[in-house]
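Single-structure report; data block below.
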Amino acid sequence: MSDTPDIRRPEAIDARWLTDVLQQGGVDAVVKSFTAKGVGTGQIGDSVRFRLEYERGGEAAPASLVGKFPAAGDESRATGVMLGNYIREVRFYQQLAPKALIHTPRCYFTDVDETTSEFVLLMEDLSPAEQGDQLQGVTLDQARLVVLEAAKLHASHWGDDSLDDLPWVSNSKAAPPSSVTDELVAQLWEGFKLRYGDRCRPEWLEVGEQIATRFSQLGELHDGPRCLTHNDFRPDNMMFASEKGGYPVTTLDWQSFAYGAGPTDVAYFLAGALPPEVRRAHEDEFLSLYHGKLLELGVRDYGMADLRRHYGQGGYLLFTTAFFASMIVTPTERGDRMFLQMLGSAAQHMIDHDMVTRLT
């Protein structure tokens, strides 16, 4: 009989603990030894790949696992705690992932201490699939796959007001008041301008001036059905099949999910993952693909006119996430480039869909 694994950081993990993880996850194996190496580019959490050697294994015993833990950087970890991200992700895998329709990694073990927000999440290793790259973007074929995955996620809990009863679902009626106030967002925008303003185009700053003090107002623009949304739906949080194999696309990082507006996820992804000219040329195709999948999965009474309006409103979240996150996580060179790319792409999406004019 195995013991229930406890919550621990990567440096405290041993072969016995990994054995307990596998056995309580349904794999009859005994780990003899392992190696651990950091993977990924996460800003709020740290990920580690554990390559396993077995004393006793079998076909079901994985060659490796990937674990997710609180960020080692004090600033990033404090952000994860303040925003409830660690608790939210664990609860997603425990309670919502089985019904979410979207492809997620198999979870072998996850738990969280709600008092301290210490957590651990042990998942299948998705290699040889490869992590997407926000700075590199995606191909059109990859974008089509992601849009279909978005429709699956949104259809799974379309208009499902039972989510309002869950305090760890952002934007639910049971959720505590958000720590992200309009005053905080405005303050962070001012800090962003001081740190990055000389690297921004004038039109980006103009967009920021219009939305930085209207964060709550923008979130209330949606007048359609709500659903389960990812809220950080971008390539860095996805794994794509490589030439060597892997699932076509798997969505990771469920720290920010909410009961919100599905088309905002679509805008968030397309604005950030494709160059503006490519996004413009294929926007109609992507929206038709998304809408068709919603209908196929049973969504009714939601027309293309509503979808186009809600999609056009959705770019604000990518913009605010970019400058907000850049100011509250431990800075890195790649992170700086990524946040500027996100902000610029979102600004162009908002301009293209006339959102700035509507706010003036």
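Each chain in the structure tokens gets a letter, A, B, ..., in the order shown, and its residues are numbered from 1; ligands are numbered from 1 in order too.
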
Would you please extract all alpha helix (DSSP H) residues from stretch 176-295 of chain A, as assigned by DSSP on the backbone, and give them as a PyMOL selection string? chain A and resi 182-196+202-211+215-219+262-273+276-295

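Taking only C-alpha atoms, the non-local environment of stretch 86-89 of chain A within 9 Å (same-chain residues fewer than 3 positions away omitted) comprises Ile44, Gly45, Phe69, Pro70, Gly80, Val81, Leu83, Phe92, Tyr93, Gln94, Asp111, Val112, Asp113, Glu114, Ser117, Glu118, Phe119, Val120, Leu121, Trp168, Val169, Ser170, Asp253, Trp254, Gln255, Ser256 and Phe257 of chain A.
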
Extract, using only C-alpha atoms, all DNA, RNA and protein residues at most 10 Å from A:Cys200, discarding same-chain residues fewer than 2 positions from it, and format them as a PDB file with all heavy atoms, in the first residue's frame.
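Ended up saving to out_5.pdb:
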```pdb
ATOM      1  N   LYS A 193       4.908  52.446 -17.754  1.00  0.00           N
ATOM      2  CA  LYS A 193       5.371  53.522 -18.639  1.00  0.00           C
ATOM      3  C   LYS A 193       6.760  54.002 -18.242  1.00  0.00           C
ATOM      4  O   LYS A 193       7.599  54.293 -19.111  1.00  0.00           O
ATOM      5  CB  LYS A 193       4.379  54.688 -18.615  1.00  0.00           C
ATOM      6  CG  LYS A 193       3.079  54.404 -19.349  1.00  0.00           C
ATOM      7  CD  LYS A 193       2.252  55.673 -19.518  1.00  0.00           C
ATOM      8  CE  LYS A 193       1.814  56.240 -18.184  1.00  0.00           C
ATOM      9  NZ  LYS A 193       0.990  57.455 -18.349  1.00  0.00           N
ATOM     10  N   TYR A 196       9.119  50.878 -19.300  1.00  0.00           N
ATOM     11  CA  TYR A 196       9.139  50.395 -20.683  1.00  0.00           C
ATOM     12  C   TYR A 196       8.670  51.418 -21.720  1.00  0.00           C
ATOM     13  O   TYR A 196       8.644  51.105 -22.909  1.00  0.00           O
ATOM     14  CB  TYR A 196       8.231  49.154 -20.822  1.00  0.00           C
ATOM     15  CG  TYR A 196       8.618  47.986 -19.972  1.00  0.00           C
ATOM     16  CD1 TYR A 196       7.906  47.681 -18.813  1.00  0.00           C
ATOM     17  CD2 TYR A 196       9.685  47.153 -20.325  1.00  0.00           C
ATOM     18  CE1 TYR A 196       8.236  46.589 -18.025  1.00  0.00           C
ATOM     19  CE2 TYR A 196      10.025  46.054 -19.546  1.00  0.00           C
ATOM     20  CZ  TYR A 196       9.296  45.784 -18.400  1.00  0.00           C
ATOM     21  OH  TYR A 196       9.630  44.705 -17.618  1.00  0.00           O
ATOM     22  N   GLY A 197       8.279  52.619 -21.267  1.00  0.00           N
ATOM     23  CA  GLY A 197       7.657  53.571 -22.182  1.00  0.00           C
ATOM     24  C   GLY A 197       8.482  53.892 -23.415  1.00  0.00           C
ATOM     25  O   GLY A 197       7.938  54.047 -24.520  1.00  0.00           O
ATOM     26  N   ASP A 198       9.813  53.950 -23.270  1.00  0.00           N
ATOM     27  CA  ASP A 198      10.650  54.290 -24.425  1.00  0.00           C
ATOM     28  C   ASP A 198      10.763  53.134 -25.412  1.00  0.00           C
ATOM     29  O   ASP A 198      11.315  53.306 -26.512  1.00  0.00           O
ATOM     30  CB  ASP A 198      12.040  54.738 -23.971  1.00  0.00           C
ATOM     31  CG  ASP A 198      12.783  53.662 -23.183  1.00  0.00           C
ATOM     32  OD1 ASP A 198      12.161  52.636 -22.827  1.00  0.00           O
ATOM     33  OD2 ASP A 198      13.987  53.857 -22.921  1.00  0.00           O
ATOM     34  N   PRO A 202       3.864  54.961 -29.965  1.00  0.00           N
ATOM     35  CA  PRO A 202       2.895  55.939 -29.445  1.00  0.00           C
ATOM     36  C   PRO A 202       1.472  55.407 -29.377  1.00  0.00           C
ATOM     37  O   PRO A 202       0.745  55.696 -28.422  1.00  0.00           O
ATOM     38  CB  PRO A 202       3.012  57.096 -30.439  1.00  0.00           C
ATOM     39  CG  PRO A 202       4.398  56.998 -30.988  1.00  0.00           C
ATOM     40  CD  PRO A 202       4.685  55.525 -31.054  1.00  0.00           C
ATOM     41  N   GLU A 203       1.062  54.611 -30.380  1.00  0.00           N
ATOM     42  CA  GLU A 203      -0.310  54.116 -30.371  1.00  0.00           C
ATOM     43  C   GLU A 203      -0.545  53.101 -29.249  1.00  0.00           C
ATOM     44  O   GLU A 203      -1.657  52.978 -28.739  1.00  0.00           O
ATOM     45  CB  GLU A 203      -0.686  53.501 -31.726  1.00  0.00           C
ATOM     46  CG  GLU A 203       0.130  52.310 -32.174  1.00  0.00           C
ATOM     47  CD  GLU A 203       1.333  52.689 -33.039  1.00  0.00           C
ATOM     48  OE1 GLU A 203       1.863  53.812 -32.857  1.00  0.00           O
ATOM     49  OE2 GLU A 203       1.734  51.859 -33.885  1.00  0.00           O
ATOM     50  N   TRP A 204       0.504  52.383 -28.832  1.00  0.00           N
ATOM     51  CA  TRP A 204       0.354  51.468 -27.699  1.00  0.00           C
ATOM     52  C   TRP A 204       0.070  52.262 -26.426  1.00  0.00           C
ATOM     53  O   TRP A 204      -0.801  51.890 -25.634  1.00  0.00           O
ATOM     54  CB  TRP A 204       1.606  50.635 -27.499  1.00  0.00           C
ATOM     55  CG  TRP A 204       2.042  49.800 -28.664  1.00  0.00           C
ATOM     56  CD1 TRP A 204       1.419  49.676 -29.880  1.00  0.00           C
ATOM     57  CD2 TRP A 204       3.215  48.997 -28.728  1.00  0.00           C
ATOM     58  NE1 TRP A 204       2.131  48.841 -30.696  1.00  0.00           N
ATOM     59  CE2 TRP A 204       3.240  48.398 -30.029  1.00  0.00           C
ATOM     60  CE3 TRP A 204       4.248  48.706 -27.836  1.00  0.00           C
ATOM     61  CZ2 TRP A 204       4.270  47.543 -30.430  1.00  0.00           C
ATOM     62  CZ3 TRP A 204       5.264  47.859 -28.225  1.00  0.00           C
ATOM     63  CH2 TRP A 204       5.274  47.273 -29.514  1.00  0.00           C
ATOM     64  N   LEU A 205       0.824  53.337 -26.259  1.00  0.00           N
ATOM     65  CA  LEU A 205       0.634  54.162 -25.064  1.00  0.00           C
ATOM     66  C   LEU A 205      -0.734  54.832 -25.077  1.00  0.00           C
ATOM     67  O   LEU A 205      -1.369  54.983 -24.024  1.00  0.00           O
ATOM     68  CB  LEU A 205       1.745  55.206 -24.982  1.00  0.00           C
ATOM     69  CG  LEU A 205       3.166  54.643 -24.823  1.00  0.00           C
ATOM     70  CD1 LEU A 205       4.193  55.773 -24.887  1.00  0.00           C
ATOM     71  CD2 LEU A 205       3.306  53.865 -23.513  1.00  0.00           C
ATOM     72  N   LEU A 340       6.101  42.942 -23.955  1.00  0.00           N
ATOM     73  CA  LEU A 340       5.987  44.009 -24.948  1.00  0.00           C
ATOM     74  C   LEU A 340       5.327  43.500 -26.226  1.00  0.00           C
ATOM     75  O   LEU A 340       4.536  44.211 -26.854  1.00  0.00           O
ATOM     76  CB  LEU A 340       7.367  44.595 -25.243  1.00  0.00           C
ATOM     77  CG  LEU A 340       7.930  45.508 -24.147  1.00  0.00           C
ATOM     78  CD1 LEU A 340       9.409  45.763 -24.372  1.00  0.00           C
ATOM     79  CD2 LEU A 340       7.161  46.826 -24.091  1.00  0.00           C
ATOM     80  N   GLN A 341       5.653  42.275 -26.623  1.00  0.00           N
ATOM     81  CA  GLN A 341       5.013  41.700 -27.806  1.00  0.00           C
ATOM     82  C   GLN A 341       3.514  41.550 -27.585  1.00  0.00           C
ATOM     83  O   GLN A 341       2.697  41.876 -28.454  1.00  0.00           O
ATOM     84  CB  GLN A 341       5.644  40.340 -28.125  1.00  0.00           C
ATOM     85  CG  GLN A 341       5.148  39.683 -29.406  1.00  0.00           C
ATOM     86  CD  GLN A 341       3.928  38.787 -29.200  1.00  0.00           C
ATOM     87  OE1 GLN A 341       3.605  38.425 -28.067  1.00  0.00           O
ATOM     88  NE2 GLN A 341       3.249  38.456 -30.285  1.00  0.00           N
ATOM     89  N   LEU A 343       1.605  43.211 -25.465  1.00  0.00           N
ATOM     90  CA  LEU A 343       0.972  44.523 -25.370  1.00  0.00           C
ATOM     91  C   LEU A 343       0.788  45.162 -26.739  1.00  0.00           C
ATOM     92  O   LEU A 343      -0.284  45.696 -27.060  1.00  0.00           O
ATOM     93  CB  LEU A 343       1.810  45.425 -24.462  1.00  0.00           C
ATOM     94  CG  LEU A 343       1.213  46.797 -24.166  1.00  0.00           C
ATOM     95  CD1 LEU A 343       1.125  47.032 -22.659  1.00  0.00           C
ATOM     96  CD2 LEU A 343       2.052  47.895 -24.810  1.00  0.00           C
ATOM     97  N   GLY A 344       1.821  45.104 -27.576  1.00  0.00           N
ATOM     98  CA  GLY A 344       1.718  45.693 -28.903  1.00  0.00           C
ATOM     99  C   GLY A 344       0.697  45.000 -29.773  1.00  0.00           C
ATOM    100  O   GLY A 344      -0.086  45.642 -30.489  1.00  0.00           O
TER     101      GLY A 344
END
```

Coordinates-based distance that separates atom CA of A:Tyr259 from atom CA of A:Phe109 (Å, one decimal):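 These atoms are spaced 24.8 Å apart.
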
Separating atom CA of A:Thr35 from atom CA of A:Glu11, to the nearest tenth of an Å, is a gap of 11.3 Å

Check your understanding: If you count only C-alpha atoms, which residues fall within 12 Å of A:Thr213, apart from same-chain ones fewer than 6 positions away, as a ChimeraX atom specification?
Key -> /A:180-190,207,219,320,359

Keeping only N, CA and C atoms, write the selected residues as a tab-separated table (two decimals), in the first residue's frame.
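The resulting file, selection_35.tsv, is reproduced below:
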```
chain	number	residue	atom	x	y	z
A	180	VAL	N	-7.40	42.72	-7.69
A	180	VAL	CA	-7.03	43.54	-8.85
A	180	VAL	C	-8.07	44.66	-8.98
A	181	THR	N	-7.80	45.78	-8.37
A	181	THR	CA	-8.70	46.93	-8.41
A	181	THR	C	-8.31	47.86	-9.55
A	182	ASP	N	-9.24	48.75	-9.91
A	182	ASP	CA	-8.93	49.75	-10.93
A	182	ASP	C	-7.74	50.61	-10.51
A	183	GLU	N	-7.67	50.92	-9.22
A	183	GLU	CA	-6.57	51.75	-8.72
A	183	GLU	C	-5.23	51.04	-8.87
A	184	LEU	N	-5.21	49.73	-8.58
A	184	LEU	CA	-3.98	48.96	-8.73
A	184	LEU	C	-3.56	48.89	-10.19
A	185	VAL	N	-4.52	48.63	-11.08
A	185	VAL	CA	-4.20	48.55	-12.50
A	185	VAL	C	-3.63	49.88	-13.00
A	186	ALA	N	-4.25	50.99	-12.61
A	186	ALA	CA	-3.77	52.31	-13.03
A	186	ALA	C	-2.36	52.57	-12.49
A	187	GLN	N	-2.12	52.17	-11.26
A	187	GLN	CA	-0.80	52.35	-10.66
A	187	GLN	C	0.26	51.55	-11.41
A	188	LEU	N	-0.07	50.32	-11.76
A	188	LEU	CA	0.88	49.49	-12.48
A	188	LEU	C	1.13	50.01	-13.90
A	189	TRP	N	0.10	50.59	-14.52
A	189	TRP	CA	0.30	51.19	-15.84
A	189	TRP	C	1.30	52.34	-15.76
A	190	GLU	N	1.20	53.16	-14.72
A	190	GLU	CA	2.16	54.26	-14.56
A	190	GLU	C	3.57	53.71	-14.38
A	207	VAL	N	-3.47	53.57	-26.36
A	207	VAL	CA	-4.43	52.55	-25.93
A	207	VAL	C	-4.37	52.39	-24.42
A	219	GLY	N	-14.29	44.75	-18.30
A	219	GLY	CA	-14.71	43.40	-17.96
A	219	GLY	C	-16.21	43.23	-17.94
A	320	THR	N	-3.98	44.31	-20.83
A	320	THR	CA	-3.83	44.55	-19.40
A	320	THR	C	-2.98	43.47	-18.73
A	359	LEU	N	-14.03	54.04	-26.36
A	359	LEU	CA	-13.75	54.42	-24.98
A	359	LEU	C	-13.49	55.91	-24.80
```

Point out the residue among A:Asp46, A:Ala71, A:Ser242, A:Tyr54 with the least atom-to-atom distance to A:Ser33, counting only C-alpha atoms.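 Of the candidates, the smallest distance to A:Ser33 is held by A:Tyr54.
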
For A:Tyr311, which of A:Glu283, A:Glu209, A:Glu333, A:Asp20 is the closest residue, counting only C-alpha atoms?
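Ranked by minimum distance to A:Tyr311, first place goes to A:Glu283.
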
Practice prompt. Using only C-alpha atoms, find the one residue out of A:Gln24, A:Ser345, A:Asn171, A:Ser326 that sits nearest to A:Arg195.
Written response: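 Using only C-alpha atoms, the shortest distance to A:Arg195 belongs to A:Ser326.
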
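Residues surrounding A:Asp133 within 10 Å are Thr41, Glu130, Gln131, Leu135, Gln136, Gly137, Val138, Arg234, Pro235, Asp236, Asn237, Met238, Met239, Ala273 and Met338 of chain A [only C-alpha atoms; sequence separation below 2 positions excluded].
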
Judged by only C-alpha atoms, the minimum distance to A:Ile102 among A:Gln134, A:Pro5, A:His230, A:Gly57 is found for A:His230

Quick one: pull the distance between atom CA of A:Leu287 and atom CA of A:Leu252, Å, one decimal.
->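 Computed distance, atom CA of A:Leu287 to atom CA of A:Leu252, equals 22.7 Å.
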
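Ranking A:Ala150, A:Ala78, A:Leu145, A:Val27 by their shortest atom-to-atom distance to A:Leu228, with only C-alpha atoms included, puts A:Ala150 first.
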
Taking only C-alpha atoms into account, name the residue in A:Ser179, A:Tyr108, A:Ala347, A:Pro331 that is nearest to A:Ser76.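 Residue with the minimum atom-to-atom distance to A:Ser76: A:Pro331.
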
(Q) Please list as a PyMOL selection string every residue within 10 Å of A:Asp265, counting only C-alpha atoms and excluding residues in the same chain fewer than 5 positions away. (A) chain A and resi 147+150-151+154+229-234+260+270-271+311+314-315+317-318

Output file for the residues above (N, CA and C atoms, as a PDB file, in the first residue's frame):
```
ATOM      1  N   VAL A 147      -8.106  27.129 -31.862  1.00  0.00           N
ATOM      2  CA  VAL A 147      -9.457  27.703 -31.892  1.00  0.00           C
ATOM      3  C   VAL A 147     -10.500  26.627 -31.631  1.00  0.00           C
ATOM      4  N   ALA A 150     -10.473  25.861 -27.983  1.00  0.00           N
ATOM      5  CA  ALA A 150     -11.179  26.910 -27.245  1.00  0.00           C
ATOM      6  C   ALA A 150     -12.674  26.657 -27.252  1.00  0.00           C
ATOM      7  N   ALA A 151     -13.204  26.294 -28.409  1.00  0.00           N
ATOM      8  CA  ALA A 151     -14.639  26.016 -28.505  1.00  0.00           C
ATOM      9  C   ALA A 151     -15.033  24.835 -27.611  1.00  0.00           C
ATOM     10  N   HIS A 154     -15.087  26.095 -23.957  1.00  0.00           N
ATOM     11  CA  HIS A 154     -16.206  26.996 -23.684  1.00  0.00           C
ATOM     12  C   HIS A 154     -17.547  26.268 -23.720  1.00  0.00           C
ATOM     13  N   THR A 229     -13.508  29.795 -18.974  1.00  0.00           N
ATOM     14  CA  THR A 229     -12.485  30.404 -19.819  1.00  0.00           C
ATOM     15  C   THR A 229     -11.102  30.207 -19.213  1.00  0.00           C
ATOM     16  N   HIS A 230     -10.095  30.187 -20.050  1.00  0.00           N
ATOM     17  CA  HIS A 230      -8.719  29.966 -19.603  1.00  0.00           C
ATOM     18  C   HIS A 230      -8.093  31.247 -19.058  1.00  0.00           C
ATOM     19  N   ASN A 231      -8.242  32.352 -19.794  1.00  0.00           N
ATOM     20  CA  ASN A 231      -7.804  33.690 -19.382  1.00  0.00           C
ATOM     21  C   ASN A 231      -6.307  33.955 -19.490  1.00  0.00           C
ATOM     22  N   ASP A 232      -5.518  32.978 -19.929  1.00  0.00           N
ATOM     23  CA  ASP A 232      -4.126  33.245 -20.305  1.00  0.00           C
ATOM     24  C   ASP A 232      -3.795  32.322 -21.474  1.00  0.00           C
ATOM     25  N   PHE A 233      -4.643  32.409 -22.474  1.00  0.00           N
ATOM     26  CA  PHE A 233      -4.713  31.448 -23.578  1.00  0.00           C
ATOM     27  C   PHE A 233      -3.717  31.851 -24.653  1.00  0.00           C
ATOM     28  N   ARG A 234      -2.486  31.387 -24.520  1.00  0.00           N
ATOM     29  CA  ARG A 234      -1.418  31.792 -25.426  1.00  0.00           C
ATOM     30  C   ARG A 234      -0.423  30.659 -25.631  1.00  0.00           C
ATOM     31  N   GLY A 260     -16.309  33.373 -17.496  1.00  0.00           N
ATOM     32  CA  GLY A 260     -16.256  34.628 -18.223  1.00  0.00           C
ATOM     33  C   GLY A 260     -16.716  34.522 -19.662  1.00  0.00           C
ATOM     34  N   LEU A 270      -5.509  34.799 -30.660  1.00  0.00           N
ATOM     35  CA  LEU A 270      -5.227  35.199 -32.036  1.00  0.00           C
ATOM     36  C   LEU A 270      -4.443  36.508 -32.093  1.00  0.00           C
ATOM     37  N   ALA A 271      -4.772  37.459 -31.226  1.00  0.00           N
ATOM     38  CA  ALA A 271      -4.050  38.732 -31.237  1.00  0.00           C
ATOM     39  C   ALA A 271      -2.585  38.534 -30.887  1.00  0.00           C
ATOM     40  N   TYR A 311     -15.897  39.156 -29.556  1.00  0.00           N
ATOM     41  CA  TYR A 311     -14.495  38.962 -29.935  1.00  0.00           C
ATOM     42  C   TYR A 311     -13.790  40.308 -30.069  1.00  0.00           C
ATOM     43  N   GLY A 314     -12.587  41.724 -26.872  1.00  0.00           N
ATOM     44  CA  GLY A 314     -11.760  40.874 -26.022  1.00  0.00           C
ATOM     45  C   GLY A 314     -10.287  41.179 -25.947  1.00  0.00           C
ATOM     46  N   GLY A 315      -9.764  42.031 -26.825  1.00  0.00           N
ATOM     47  CA  GLY A 315      -8.321  42.273 -26.832  1.00  0.00           C
ATOM     48  C   GLY A 315      -7.800  42.966 -25.589  1.00  0.00           C
ATOM     49  N   LEU A 317      -7.971  42.203 -22.531  1.00  0.00           N
ATOM     50  CA  LEU A 317      -7.402  41.348 -21.491  1.00  0.00           C
ATOM     51  C   LEU A 317      -5.942  41.032 -21.780  1.00  0.00           C
ATOM     52  N   LEU A 318      -5.599  40.814 -23.038  1.00  0.00           N
ATOM     53  CA  LEU A 318      -4.197  40.577 -23.394  1.00  0.00           C
ATOM     54  C   LEU A 318      -3.367  41.812 -23.080  1.00  0.00           C
TER      55      LEU A 318
END
```

### Message
Show me, as a count of residues only, the residues that have an atom within 9 Å of A:Ala155 when counting only C-alpha atoms, minus same-chain residues fewer than 6 positions from it.
### Response
11

Produce a table with one row for each residue of stretch 114-211 of chain A that has an atom at most 12 Å from any atom of stretch 221-225 of chain A, each row naming the nearest atom pair and its distance in Å at one decimal; use only C-alpha atoms; arrange rows by chain and rising residue number; format as CSV.
```
residue,atom,partner,partner_atom,distance
A:His154,CA,A:Pro225,CA,10.2
A:Ala155,CA,A:Pro225,CA,10.7
A:His157,CA,A:Pro225,CA,10.3
A:Trp158,CA,A:Pro225,CA,7.0
A:Gly159,CA,A:Pro225,CA,5.4
A:Asp160,CA,A:Pro225,CA,9.0
A:Asp161,CA,A:Pro225,CA,10.0
```

Write a file of the selected residues as a PDB file, in the first residue's frame, keeping C-alpha atoms.
```
ATOM      1  CA  HIS A 154     -16.206  26.996 -23.684  1.00  0.00           C
ATOM      2  CA  ALA A 155     -18.945  24.592 -24.749  1.00  0.00           C
ATOM      3  CA  HIS A 157     -19.637  24.789 -19.264  1.00  0.00           C
ATOM      4  CA  TRP A 158     -21.578  27.173 -21.526  1.00  0.00           C
ATOM      5  CA  GLY A 159     -24.012  29.124 -19.378  1.00  0.00           C
ATOM      6  CA  ASP A 160     -23.265  26.800 -16.454  1.00  0.00           C
ATOM      7  CA  ASP A 161     -24.216  28.866 -13.421  1.00  0.00           C
TER       8      ASP A 161
END
```
